[in-house]
Amino acid sequence: MPSVIQVPAEAQASPHFDATAATNAYLAQIPADKTARSDAYFEGGYWLILWDFLYGAAIALLLLNLRWYARMRDLAERATRFKPVHTFVYWLQYLVLTTILVFPLTVYEGYFREHKYGLATQTFGPWMGDQMKGLGVDLVLGCLLVMLLFGVVRRLPRTWWIWGAVVTILFSIFTGLIAPVYIVPIFNKVTRLNDPKIVDPILSMARANGIATKDVYTMDASRQTTRMSANVSGFANTMRITLNDNLLRRGSPEEIQAVMGHEMGHYVMNHIYKRLMFESIETVLAFVYLYWGLGWALQRWGEKWQIRGVGDTAVLPLVFLLASIFSFVFTPIDNTFTRTQEYEADMYGLNTSRQPDGFAQAAIHLGEYRKMSPGPIEEWVLFDHPSGRNRIYAAMRWKAENLKLFAVQPTNAERK
Ligand SMILES: [Zn+2]
């Protein structure tokens, strides 16, 4: 992929500017072999959603029928009768066993496949180190949530699904709040950006949009990946915009401003809070489904799997199995919710940065790991961002309708 993308002749401001021709000219800058490669990478990802789901479900069903999970519970009970510690011991066994069993898929998806497509920058040792750190985070946070939920189920056997949903929502607010400050730095170095050439235009754009911030953050994503990206994370006091060092190093100033305009759109339109509302509804639905699904499954197979009831820790793998079915089915809905927010942020970003060409350049760079021109149903079901083609077209349409902002070069014919 070219590092700095030029504005093609068809996308230069002119009285004959045509958004479709400009879009096609941008797309034509991507060499055919690169398109084939990123399409193959992205389409492979569709299949991985399916294989991950099927493999996880097969393991869960196999071990349920072999009664391994019940044996793990017996082991945890032998270790201690004190409920919270018992839950911790069970969670530790379950997490370690599951991590080992899915490791072949994890290492293929996270390491070999990323290297094959030139997206990874880590050798095996540091990659494995990150995996261990991730396991540590899951151990602590997962254990906390599981302990809270079992506490709720044991105390409120009739209404646990309501309170379980409330606890889960509060827990996700808590992790969202601490993530940028305590979790991201476990994996990457986060620093304040201080190059005035980059920071000043961003802060001026922030002021123009009523965002009270004095800092823009950057992180060394290049430690793991070649991907360019930026995001808004955190809640309330910890909310911040972070752009990764790949974007900083490879993006043109126009491109960085276009991306920052997009991120500010997320910020100003309260996308994080709207997402929280959406996820809260989804969480309540998931708990209603779990209440029903667990009752149904335990009545049929509870005895065979030696699970005593919903308050028994041995039920946990069944909960994850049912949850994985739920999230698999919800994939298109989740994607569509996210994609809609991303489109809103795209429009906001164009209006505030006024960098349609920078935005088109960013879409091309993001196309290193995304399919640029999917079919409409494919985009609806499987894309959590608008496709690259649609993003470039939206930018060029914006440019066509705001041509007065750009110096229009008269053609020779018109000069005469
Ligand atoms: Zn976004």
# chains A, B, ... in the order shown; residues from 1 in each chain; ligands from 1

$ residues_near_ligand --ligand "ligand 1" --cutoff "9 Å" --atoms "only C-alpha atoms and all ligand atoms" --output "PyMOL selection string"
chain A and resi 230-232+259+262-263+265-266+338-339+341-346+385

$ write_last_selection --atoms "C-alpha atoms" --output "CSV table (one decimal), in the first residue's frame"
chain,number,residue,atom,x,y,z
A,230,ALA,CA,-7.5,5.7,16.7
A,231,ASN,CA,-10.2,5.5,19.3
A,232,VAL,CA,-12.3,7.2,22.0
A,259,VAL,CA,-9.5,10.7,11.6
A,262,HIS,CA,-14.2,11.3,13.2
A,263,GLU,CA,-13.2,10.5,16.8
A,265,GLY,CA,-17.8,12.9,16.4
A,266,HIS,CA,-17.9,9.8,18.7
A,338,THR,CA,-21.6,-0.1,15.6
A,339,ARG,CA,-21.6,0.6,11.8
A,341,GLN,CA,-22.4,5.0,14.9
A,342,GLU,CA,-19.3,4.9,12.7
A,343,TYR,CA,-21.2,6.3,9.8
A,344,GLU,CA,-22.4,9.2,12.0
A,345,ALA,CA,-18.9,9.8,13.1
A,346,ASP,CA,-17.7,9.8,9.5
A,385,HIS,CA,-17.6,0.0,10.0

$ residues_around --residues "Asp245 (chain A)" --least-positions-apart "2" --cutoff "10 Å" --atoms "only C-alpha atoms" --output "JSON list (two decimals) with C-alpha atoms, in the first residue's frame"
[["chain", "number", "residue", "atom", "x", "y", "z"],
["A", 217, "TYR", "CA", -2.83, 10.55, 23.74],
["A", 218, "THR", "CA", -0.80, 8.18, 21.63],
["A", 219, "MET", "CA", 0.15, 4.56, 22.18],
["A", 220, "ASP", "CA", 2.81, 2.28, 20.73],
["A", 221, "ALA", "CA", 0.44, -0.03, 18.83],
["A", 222, "SER", "CA", 3.37, -0.78, 16.50],
["A", 223, "ARG", "CA", 4.62, -3.09, 19.26],
["A", 226, "THR", "CA", 1.06, -2.48, 11.54],
["A", 227, "ARG", "CA", -2.61, -1.40, 11.63],
["A", 228, "MET", "CA", -3.44, 2.28, 11.75],
["A", 229, "SER", "CA", -6.19, 3.28, 14.16],
["A", 230, "ALA", "CA", -7.51, 5.72, 16.72],
["A", 242, "THR", "CA", -5.96, 8.11, 21.52],
["A", 243, "LEU", "CA", -4.30, 7.82, 18.14],
["A", 247, "LEU", "CA", -1.33, 6.52, 12.15],
["A", 248, "LEU", "CA", 1.07, 9.14, 13.43],
["A", 249, "ARG", "CA", 3.98, 7.77, 11.43],
["A", 250, "ARG", "CA", 2.26, 6.90, 8.15],
["A", 251, "GLY", "CA", -0.68, 9.27, 7.95]]

$ residues_around --residues "Asp357 (chain A)" --least-positions-apart "4" --cutoff "9 Å" --atoms "only C-alpha atoms" --output "PyMOL selection string"
chain A and resi 6-7+11+254-255+258+361-362+392+395-396+399

$ residues_around --residues "region 172-176 of chain A" --least-positions-apart "2" --cutoff "9 Å" --atoms "only C-alpha atoms" --output "JSON, numbers by chain"
{"A": [141, 167, 168, 169, 170, 178, 179, 180, 183, 233, 234, 235, 238, 276]}

$ write_last_selection --atoms "N, CA and C atoms" --output "PDB file, in the first residue's frame"
ATOM      1  N   LEU A 141     -10.516  -9.981  36.507  1.00  0.00           N
ATOM      2  CA  LEU A 141     -11.815  -9.344  36.231  1.00  0.00           C
ATOM      3  C   LEU A 141     -12.931 -10.379  36.110  1.00  0.00           C
ATOM      4  N   VAL A 167     -25.976  -6.135  37.726  1.00  0.00           N
ATOM      5  CA  VAL A 167     -24.570  -6.294  38.130  1.00  0.00           C
ATOM      6  C   VAL A 167     -23.661  -6.302  36.903  1.00  0.00           C
ATOM      7  N   THR A 168     -24.078  -7.008  35.836  1.00  0.00           N
ATOM      8  CA  THR A 168     -23.250  -7.096  34.628  1.00  0.00           C
ATOM      9  C   THR A 168     -23.081  -5.720  33.971  1.00  0.00           C
ATOM     10  N   ILE A 169     -24.184  -4.943  33.935  1.00  0.00           N
ATOM     11  CA  ILE A 169     -24.110  -3.604  33.343  1.00  0.00           C
ATOM     12  C   ILE A 169     -23.176  -2.708  34.163  1.00  0.00           C
ATOM     13  N   LEU A 170     -23.345  -2.730  35.504  1.00  0.00           N
ATOM     14  CA  LEU A 170     -22.473  -1.913  36.362  1.00  0.00           C
ATOM     15  C   LEU A 170     -21.015  -2.338  36.208  1.00  0.00           C
ATOM     16  N   ILE A 178     -12.045   2.008  34.021  1.00  0.00           N
ATOM     17  CA  ILE A 178     -10.638   1.781  34.395  1.00  0.00           C
ATOM     18  C   ILE A 178      -9.770   1.391  33.197  1.00  0.00           C
ATOM     19  N   ALA A 179     -10.392   0.948  32.082  1.00  0.00           N
ATOM     20  CA  ALA A 179      -9.604   0.395  30.967  1.00  0.00           C
ATOM     21  C   ALA A 179      -8.486   1.317  30.464  1.00  0.00           C
ATOM     22  N   PRO A 180      -8.795   2.592  30.104  1.00  0.00           N
ATOM     23  CA  PRO A 180      -7.714   3.397  29.519  1.00  0.00           C
ATOM     24  C   PRO A 180      -6.572   3.676  30.495  1.00  0.00           C
ATOM     25  N   ILE A 183      -5.858  -0.822  32.282  1.00  0.00           N
ATOM     26  CA  ILE A 183      -5.741  -2.061  31.508  1.00  0.00           C
ATOM     27  C   ILE A 183      -4.897  -1.869  30.236  1.00  0.00           C
ATOM     28  N   SER A 233     -12.003   6.254  24.261  1.00  0.00           N
ATOM     29  CA  SER A 233     -12.250   5.232  25.272  1.00  0.00           C
ATOM     30  C   SER A 233     -12.509   5.888  26.609  1.00  0.00           C
ATOM     31  N   GLY A 234     -12.951   5.080  27.562  1.00  0.00           N
ATOM     32  CA  GLY A 234     -13.171   5.559  28.928  1.00  0.00           C
ATOM     33  C   GLY A 234     -14.553   6.129  29.141  1.00  0.00           C
ATOM     34  N   PHE A 235     -14.772   6.569  30.367  1.00  0.00           N
ATOM     35  CA  PHE A 235     -16.039   7.162  30.785  1.00  0.00           C
ATOM     36  C   PHE A 235     -15.716   8.403  31.582  1.00  0.00           C
ATOM     37  N   THR A 238     -12.197   9.600  32.670  1.00  0.00           N
ATOM     38  CA  THR A 238     -11.121   8.882  31.973  1.00  0.00           C
ATOM     39  C   THR A 238     -11.344   8.884  30.451  1.00  0.00           C
ATOM     40  N   LEU A 276     -23.622   2.191  25.678  1.00  0.00           N
ATOM     41  CA  LEU A 276     -23.935   1.610  26.976  1.00  0.00           C
ATOM     42  C   LEU A 276     -25.428   1.293  27.078  1.00  0.00           C
TER      43      LEU A 276
END

$ atom_distance --atom1 "CA of Pro201 (chain A)" --atom2 "CA of Pro253 (chain A)"
9.4 Å

$ closest_residue --among "A:Met205, A:Val288, A:Leu105, A:Val152" --to "Asp52 (chain A)" --atoms "only C-alpha atoms"
A:Leu105

$ select_by_dssp --residues "region 131-286 of chain A" --states "strand (DSSP E or B)" --output "PyMOL selection string"
chain A and resi 190-192+217-219+225+230-233+240-244

$ residues_around --residues "region 293-304 of chain A" --least-positions-apart "2" --cutoff "10 Å" --atoms "only C-alpha atoms" --output "ChimeraX atom specification"
/A:64-67,286-291,306-310,315,318-319,322-323

$ select_by_dssp --residues "region 177-337 of chain A" --states "alpha helix (DSSP H)" --output "PyMOL selection string"
chain A and resi 177-178+184-187+196-208+245-250+253-268+271-301+316-337

$ residues_around --residues "Val146 (chain A)" --least-positions-apart "6" --cutoff "9 Å" --atoms "only C-alpha atoms" --output "PDB file with C-alpha atoms, in the first residue's frame"
ATOM      1  CA  THR A  87     -15.883 -19.902  43.000  1.00  0.00           C
ATOM      2  CA  PHE A  88     -12.361 -18.563  42.490  1.00  0.00           C
ATOM      3  CA  TRP A  91     -12.954 -20.117  37.726  1.00  0.00           C
ATOM      4  CA  LEU A 316     -20.660 -21.891  34.296  1.00  0.00           C
TER       5      LEU A 316
END

$ residues_around --residues "Ile49 (chain A)" --least-positions-apart "5" --cutoff "10 Å" --atoms "only C-alpha atoms" --output "mmCIF file with N, CA and C atoms, in the first residue's frame"
data_model
loop_
_atom_site.group_PDB
_atom_site.id
_atom_site.type_symbol
_atom_site.label_atom_id
_atom_site.label_comp_id
_atom_site.auth_asym_id
_atom_site.auth_seq_id
_atom_site.Cartn_x
_atom_site.Cartn_y
_atom_site.Cartn_z
ATOM 1 N N GLY A 44 -11.596 -14.358 5.369
ATOM 2 C CA GLY A 44 -11.192 -15.427 6.292
ATOM 3 C C GLY A 44 -11.763 -15.178 7.679
ATOM 4 N N LEU A 54 -18.313 -22.756 16.592
ATOM 5 C CA LEU A 54 -18.546 -24.200 16.545
ATOM 6 C C LEU A 54 -17.547 -24.967 17.414
ATOM 7 N N PHE A 328 -23.489 -15.070 18.913
ATOM 8 C CA PHE A 328 -23.366 -15.452 17.505
ATOM 9 C C PHE A 328 -24.579 -14.964 16.717
ATOM 10 N N THR A 331 -24.637 -11.171 16.143
ATOM 11 C CA THR A 331 -23.530 -10.551 15.391
ATOM 12 C C THR A 331 -24.009 -9.474 14.408
ATOM 13 N N LEU A 382 -21.854 -8.261 8.219
ATOM 14 C CA LEU A 382 -20.523 -8.576 8.728
ATOM 15 C C LEU A 382 -19.597 -7.380 8.969
#

$ closest_residue --among "A:Phe171, A:Trp163, A:Trp398, A:Phe42" --to "Ala22 (chain A)" --atoms "only C-alpha atoms"
A:Trp398

$ closest_residue --among "A:Ser387, A:Thr336, A:Ser280, A:Thr123" --to "Ala363 (chain A)" --atoms "only C-alpha atoms"
A:Ser387
